[in-house]
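Asker: Sharing a structure with you now.
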Amino acid sequence: MNNPATLPTRAPAVQMTWANIAFAHWRVPMETMRRLVPAALEVDTHDGDAWVGLIPFEMQDCDFRGVPSLPGLGTFLECNVRTYVRHRGIPGVWFFSLDAASRIAVIGGRLAWGLNYRLATFEWERVSESIRYGLARRRGDGEGRLDWTPGPPIPRPEPGSLEHFLVERYHLYSQRRGRLIRGRVDHPPWQLREARIDSVDTGLLAAEGIQVEGDPIAFCSDGVRVAGFSPVDAGHAKD
């Protein structure tokens, strides 16, 4: 977990497990990312490169504070398209899109977090050791696919490494009613595995105006348990 002294003193807004997750990333020209990311945010880079990620996973055992257990809200499939940013020195994630199978999660994510959640239909299956994961948006304006085969564990990423840069992110940024806000999450460091990408459709990236080439850099994880804290104004020095 993160250092408790740096965490918000209020109770988490949600606790959940991010399970059966894959991280597929491509380098993207800085000028492309600068055009797409809000001007208030600095595009975060590793060795001078900007990155975009396609991140499919399963949300499991979600417990939203003050919200009763509702069908489809506890466990559902989700897939994110994201890049990496900084604001006032605090590194975080900027989500271009978050597709989810839960209508309630889509509505709540939009209202409470200002995130670009989209309702989608998913297909997910495990075939032998491989995971097949595809989705299509209900409005027909985007679809994507990532099939992968998990491999053996890899050493825990060291600070400064590309793997650490891409996965060890504990803040997210979004906009709500025209204001930049920042949310905080807490979880153990990722235990990553090698991942062989068997099939990929980057339609969700193209829908955001992002064109990529070649095979992604990829790894995966069985998952982590996560605490998410409600967002604050990004200008606040503390969460």
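So you can find residues: chains in the structure tokens are A, B, ... in the order shown, residues in each start at 1, and ligands are numbered from 1 in order.
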At a cut-off of 12 Å, using only C-alpha atoms, what residues contact A:Leu166? Leave out same-chain residues fewer than 5 positions from it and give the result as a CSV table (one decimal) with C-alpha atoms, in the first residue's frame.

Answerer:
chain,number,residue,atom,x,y,z
A,22,ALA,CA,-3.9,-6.5,-19.2
A,23,PHE,CA,-1.8,-3.5,-20.0
A,24,ALA,CA,-1.2,-2.9,-23.7
A,25,HIS,CA,0.8,0.3,-24.5
A,26,TRP,CA,2.0,2.1,-27.6
A,27,ARG,CA,4.3,5.1,-28.0
A,44,ASP,CA,3.9,12.9,-18.7
A,45,THR,CA,6.7,11.1,-20.7
A,46,HIS,CA,9.2,8.3,-20.2
A,49,ASP,CA,7.9,9.4,-25.2
A,50,ALA,CA,4.2,9.9,-24.6
A,51,TRP,CA,2.1,6.7,-24.2
A,52,VAL,CA,-1.4,5.5,-24.7
A,53,GLY,CA,-2.8,2.4,-23.0
A,54,LEU,CA,-5.6,-0.1,-23.7
A,55,ILE,CA,-6.5,-1.6,-20.4
A,82,ARG,CA,-5.7,6.3,-21.1
A,83,THR,CA,-2.5,8.3,-21.1
A,84,TYR,CA,-0.2,9.8,-18.4
A,85,VAL,CA,-0.1,13.3,-17.1
A,91,PRO,CA,1.6,12.2,-11.7
A,92,GLY,CA,-1.6,10.6,-12.7
A,93,VAL,CA,-3.8,9.2,-15.4
A,157,PRO,CA,9.0,-2.8,-11.4
A,158,GLU,CA,11.6,-0.5,-10.0
A,159,PRO,CA,10.9,3.3,-9.8
A,160,GLY,CA,12.2,4.9,-13.0
A,161,SER,CA,11.5,1.8,-15.2
A,190,TRP,CA,1.3,-4.5,-9.0
A,192,LEU,CA,3.0,-8.2,-13.1
A,217,ILE,CA,4.4,-3.4,-25.0
A,218,ALA,CA,2.3,-5.6,-22.8
A,219,PHE,CA,2.0,-7.3,-19.5
A,220,CYS,CA,-0.8,-8.5,-17.3

Asker: Please identify the strand (DSSP E or B) residues within chain A (assignment by DSSP from backbone atoms) and present them as a PyMOL selection string.

Answerer: chain A and resi 14-28+42-43+46+49-64+76-87+90-100+117-127+130-137+143-153+171-176+179-186+193-201+217-233

Asker: So that I can see what lies close to stretch 38-40 of chain A, please list as a ChimeraX atom specification the residues with an atom at most 9 Å from it, counting only C-alpha atoms and leaving out residues fewer than 4 positions away in the same chain.

Answerer: /A:34,87,180

Asker: Would you save the residues from that selection as a PDB file, in the first residue's frame, using C-alpha atoms?

Answerer:
ATOM      1  CA  ARG A  34      -0.596  17.438 -26.478  1.00  0.00           C
ATOM      2  CA  HIS A  87      -0.428  18.570 -12.579  1.00  0.00           C
ATOM      3  CA  LEU A 180     -10.137  20.069 -13.206  1.00  0.00           C
TER       4      LEU A 180
END

Asker: Using only C-alpha atoms, find the one residue out of A:Leu36, A:Leu119, A:Ala105, A:Val224 that sits nearest to A:Phe57.

Answerer: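 The answer is A:Val224, which sits nearest to A:Phe57.
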
Asker: Got a sec: who's within 12 Å of A:Leu111, counting only C-alpha atoms, leaving out chain neighbours fewer than 4 positions off, as a PyMOL selection string?

Answerer: chain A and resi 104-107+115-117+174-177+230-231

Asker: Atoms to include: C-alpha atoms. Write the selected residues as an mmCIF file, in the first residue's frame.

Answerer:
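Result went into again_10.cif, see below:
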data_model
loop_
_atom_site.group_PDB
_atom_site.id
_atom_site.type_symbol
_atom_site.label_atom_id
_atom_site.label_comp_id
_atom_site.auth_asym_id
_atom_site.auth_seq_id
_atom_site.Cartn_x
_atom_site.Cartn_y
_atom_site.Cartn_z
ATOM 1 C CA ILE A 104 -25.270 2.181 -13.095
ATOM 2 C CA ALA A 105 -21.470 2.384 -13.060
ATOM 3 C CA VAL A 106 -21.518 4.442 -16.265
ATOM 4 C CA ILE A 107 -23.992 6.949 -14.824
ATOM 5 C CA LEU A 115 -15.197 10.513 -16.330
ATOM 6 C CA ASN A 116 -16.035 9.664 -19.930
ATOM 7 C CA TYR A 117 -17.776 6.377 -19.170
ATOM 8 C CA SER A 174 -10.890 14.526 -14.973
ATOM 9 C CA GLN A 175 -13.109 17.526 -15.521
ATOM 10 C CA ARG A 176 -16.420 18.145 -13.778
ATOM 11 C CA ARG A 177 -18.558 21.188 -14.491
ATOM 12 C CA SER A 230 -13.805 10.814 -4.021
ATOM 13 C CA PRO A 231 -12.180 13.533 -6.164
#

Asker: Between A:Thr121, A:Thr9, A:Thr149, A:Thr32, which is the closest to A:Ala136 once you count only C-alpha atoms?

Answerer: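 Between A:Thr121, A:Thr9, A:Thr149, A:Thr32, the residue approaching A:Ala136 most closely is A:Thr121.
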
Asker: Run DSSP on the backbone of this structure and report the residues of stretch 121-238 of chain A it assigns to alpha helix (DSSP H), as a PyMOL selection string.

Answerer: chain A and resi 162-167+203-207

Asker: Those selected residues, please, written with N, CA and C atoms and delivered as a CSV table (one decimal), in the first residue's frame.

Answerer:
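Writing done, so here's part03.csv:
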chain,number,residue,atom,x,y,z
A,162,LEU,N,10.2,1.7,-17.2
A,162,LEU,CA,9.0,1.9,-18.0
A,162,LEU,C,7.8,1.3,-17.4
A,163,GLU,N,8.0,0.0,-16.9
A,163,GLU,CA,6.8,-0.7,-16.3
A,163,GLU,C,6.3,0.1,-15.1
A,164,HIS,N,7.1,0.6,-14.3
A,164,HIS,CA,6.7,1.3,-13.1
A,164,HIS,C,6.0,2.6,-13.6
A,165,PHE,N,6.5,3.3,-14.6
A,165,PHE,CA,5.9,4.5,-15.1
A,165,PHE,C,4.4,4.2,-15.6
A,166,LEU,N,4.2,3.1,-16.2
A,166,LEU,CA,2.9,2.8,-16.9
A,166,LEU,C,1.9,2.3,-15.9
A,167,VAL,N,2.3,1.6,-14.8
A,167,VAL,CA,1.3,1.0,-14.0
A,167,VAL,C,1.1,1.5,-12.6
A,203,GLY,N,-9.6,-0.1,-32.3
A,203,GLY,CA,-10.7,0.8,-32.7
A,203,GLY,C,-11.0,1.8,-31.6
A,204,LEU,N,-10.9,1.5,-30.3
A,204,LEU,CA,-11.2,2.4,-29.3
A,204,LEU,C,-10.2,3.6,-29.3
A,205,LEU,N,-8.9,3.3,-29.6
A,205,LEU,CA,-7.9,4.3,-29.7
A,205,LEU,C,-8.3,5.2,-30.9
A,206,ALA,N,-8.6,4.6,-32.1
A,206,ALA,CA,-8.9,5.4,-33.3
A,206,ALA,C,-10.1,6.3,-33.0
A,207,ALA,N,-11.1,5.8,-32.2
A,207,ALA,CA,-12.2,6.6,-31.9
A,207,ALA,C,-11.9,7.9,-31.2

Asker: Restricting the calculation to only C-alpha atoms, which member of A:Ile197, A:Pro152, A:Arg118, A:Glu123 is positioned closest to A:Gly140?

Answerer: A:Arg118

Asker: Restricting the calculation to only C-alpha atoms, which member of A:Arg10, A:Thr17, A:Gln191, A:Asp63 is positioned closest to A:Val226?

Answerer: A:Thr17

Asker: Could you check which of A:Gln15, A:Ser97, A:Thr6, A:Asn20 is closest to A:Asp61, using only C-alpha atoms?

Answerer: A:Gln15

Asker: Could you check the closest approach to A:Met16 for each of A:Arg126, A:Arg65, A:Arg103, A:Arg196 and tell me which residue wins, using only C-alpha atoms?

Answerer: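 Using only C-alpha atoms, A:Met16 sits closest to A:Arg65.
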
Asker: Quick one: pull the distance between atom CA of A:Gly223 and atom CA of A:Ala112, Å, one decimal.

Answerer: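 Atom CA of A:Ala112 lies 24.5 Å from atom CA of A:Gly223.
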
Asker: What's the separation between atom CA of A:Ala19 and atom CA of A:Pro56, in Å to one decimal place?

Answerer: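 That distance, rounded to one decimal, is 9.5 Å.
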
Asker: What does the distance between atom CA of A:Asp222 and atom CA of A:Ala195 come to in Å, to one decimal place?

Answerer: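 Answer for the atom CA of A:Asp222 to atom CA of A:Ala195 separation: 11.5 Å.
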